[in-house]
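Below is one structure, written out as structure tokens; the observations come after it.
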Number of protein chains: 2
Amino acid sequence: MDQVESALGLSVDIDGNVVPVREKTPQVRRVGARCAHCSSPRVSDILSRWFELIVCTGCVRARPELYSLHSKTAAKEEYLLADEDLSELPFMMRANSRHPSWAPVQLFLAKHLHIQALRKHGGTEESLMQAFEERERRRTLLRQSRGRLPQRLHFTQDVDLSGTESAPPADLLSDPLEHRHDWREETSIDGETAVVCSTCRVPASGHVRRRSPSPGPGSPPDRKRANRRGQAAQPTWTRGSEAALVSPGPAAAEAPGAPLFGHFDLSSGSDTD
Amino acid sequence: MDQVESALGLSVDIDGNVVPVREKTPQVRRVGARCAHCSSPRVSDILSRWFELIVCTGCVRARPELYSLHSKTAAKEEYLLADEDLSELPFMMRANSRHPSWAPVQLFLAKHLHIQALRKHGGTEESLMQAFEERERRRTLLRQSRGRLPQRLHFTQDVDLSGTESAPPADLLSDPLEHRHDWREETSIDGETAVVCSTCRVPASGHVRRRSPSPGPGSPPDRKRANRRGQAAQPTWTRGSEAALVSPGPAAAEAPGAPLFGHFDLSSGSDTD
DNA sequence: GCTGTTTACTAACAC
DNA sequence: GTGTTAGAAAACAGC
Ligand SMILES: [Zn+2]
Ligand SMILES: [Zn+2]
């Protein structure tokens, strides 16, 4: 499997706080890196810069259940996770397209969210599904007791990397969710060393709080990793350069700004190196 | 209806804190007071001293669903109430018969608890029953998600005023729960004026937090009444004379101490003046 | 959408 | 049994 030498940049503002954003692309990128699924050279820029994943745009489009991006709020709602369960995951930051003055959106990778959800809720698809049903029953009770329903959420800021056109490559590898995690690699993130799977980049421990007593297999080494955001009293995103926060870096030629409803269409081919 | 001139005593400890206990019997008791149900003169001493209710021991025995006494813990569990819903109700204090060194038991009147439960949960027996079922379903969900069950409670300190023998009078009045509350009387409790129904002695407002949007009839005047216990940092019952706290007063010739399991048998006739 | 605060409700503990 | 505390989950409010 192709490996990438990862070297993540730090951003330090005038107060000396570490801004929890990966600003730079991996400094050393193997020439001719190829998609982990199909070996195509048209690698997704967003995934490689923000998530250290080498996947071609074709495979990204073909597997939205793995490679779509979800806001923090959506992640908690749709994957039954809490703040703490997300604290160890990498995320992409992006300005809120509808309310530019609000806090930037934090976008998590569907693949990571699914892994964390399984870790938290019993380890199997079935136990996870039961957890969802339990929550639904619980909410139904609450709603009918209060007589009111707290209106559905819309998640207008989620990002679908799949775009619209372009046929997916037919020769996808097996589902990366079913690979065996490889914890041998140690990565440096914001000055802290961390253990992430060299294939899917999910953190080894993830600090999930399990709901079910069964530990479930597949996450042995539990070395601590500091939370990426320091305990800032003020919102960190107001102190640094906002431009630096919502784009991977000056060297990145990212896709055009979201048109409306926060959708992010990379189908025109701009999400490749 | 027979009225009783109520004058409740206060207890002030060396720190000047008002001890939330009614120490004395109503100072003026109408000679020949008679049961509100059947006009019998054998009035229950406990109910008249602690709850200002004039009911004969026969009627007390006949209607345990109205006149039994329940500890605060039992009240919350069995009537679906919270601390705040009990804060305005009168209660009798009594030493914990199994653990005399523990805090005194607070005993509430079943009739009052039922009224508060109805006020809180929709106003009808049916809505109240639904609320109970909802709680049970909610707890079932919690239990199966946590895998464990938090052991049943026993309520060994509840008091059954009905005793064992003695036939109930056949000529009971209609259920006092169905009378129309009479808020015209204003009573002084621990130095604060309060509005209570002159028939059943339930407070006018009761500070219930309703769960259902429907207000329901039957509790118009909402004058504020201070919480009977000040914000004591230390347990108030350790500062005064304990004897004074667990009995209505020195003048009271109360029933003998509870034999075991906290049961309080007044059937031998000691619960009358 | 993100963050912090507030509000029930539950469980665990000490007395 | 009572009071206190801590935890999880939901609802609000500002930004
Ligand atoms: Zn590919
Ligand atoms: Zn009677």
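Each chain of the structure tokens is named A, B, ... in the order shown, its residues numbered from 1; ligands are numbered from 1 in display order.
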Return as CSV the residues of chain B lying at most 12 Å from chain C, together with the closest atom-to-atom pair for each and the distance in Å to one decimal, counting only C-alpha atoms (C1' of nucleotides), with rows in chain order and ascending residue number.
residue,atom,partner,partner_atom,distance
B:Leu80,CA,C:DC9,C1',11.7
B:Leu81,CA,C:DC9,C1',11.6
B:Ala82,CA,C:DC9,C1',9.8
B:Asp83,CA,C:DA8,C1',11.8
B:His99,CA,C:DC15,C1',9.9
B:Pro100,CA,C:DC15,C1',10.8
B:Ser101,CA,C:DC15,C1',7.8
B:Trp102,CA,C:DC15,C1',6.0
B:Ala103,CA,C:DC15,C1',7.8
B:Pro104,CA,C:DC15,C1',11.5
B:Arg135,CA,C:DC9,C1',10.4
B:Arg138,CA,C:DC9,C1',10.5
B:Arg139,CA,C:DT10,C1',9.4
B:Leu142,CA,C:DT10,C1',9.4
B:Arg143,CA,C:DT10,C1',10.8
B:Arg146,CA,C:DA11,C1',11.3
B:Arg148,CA,C:DA11,C1',11.2
B:Leu149,CA,C:DA11,C1',10.6
B:Pro150,CA,C:DA11,C1',8.1
B:Gln151,CA,C:DA11,C1',11.3
B:Arg209,CA,C:DA8,C1',11.2
B:Arg211,CA,C:DA8,C1',11.1
B:Pro235,CA,C:DC15,C1',10.7
B:Thr238,CA,C:DC15,C1',11.7
Next item on the list: For ligand 1, collect every residue having any atom at a distance of at most 6 Å from a ligand atom (counting only C-alpha atoms (C1' of nucleotides) and all ligand atoms); output as a PyMOL selection string.
Entry: chain A and resi 35+37-40+55-56+58-59
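Closest approach to chain B from the set A:Asp182, A:Asp271, A:Glu133, A:Asp158 is made by A:Glu133, with distances taken over only C-alpha atoms.
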Notebook entry, point to check: Quick one: which residues from chain D are at most 12 Å off chain A, using only C-alpha atoms (C1' of nucleotides), as a ChimeraX atom specification?
Noted result: /D:8-12,14-15
Notebook entry, point to check: For the atom pair CA of Ser145 in chain B and CA of His121 in chain A, what is the interatomic distance in Å to one decimal place?
Noted result: 9.8 Å
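Going from CA of Pro203 in chain B over to CA of Leu153 in chain B, you cover 28.6 Å.
Taking only C-alpha atoms into account, chain A lies nearest to B:Glu136 out of the set B:Thr193, B:Asp160, B:Arg201, B:Glu136.
With only C-alpha atoms as the atoms that count, the minimum distance from chain B to the choices A:Leu128, A:Leu113, A:Val202, A:Ile189 is reached by A:Leu128.
Candidate residues B:Phe132, B:Tyr79, B:Phe155, B:Phe108 were compared for distance to chain A, and the nearest is B:Phe132, using only C-alpha atoms.
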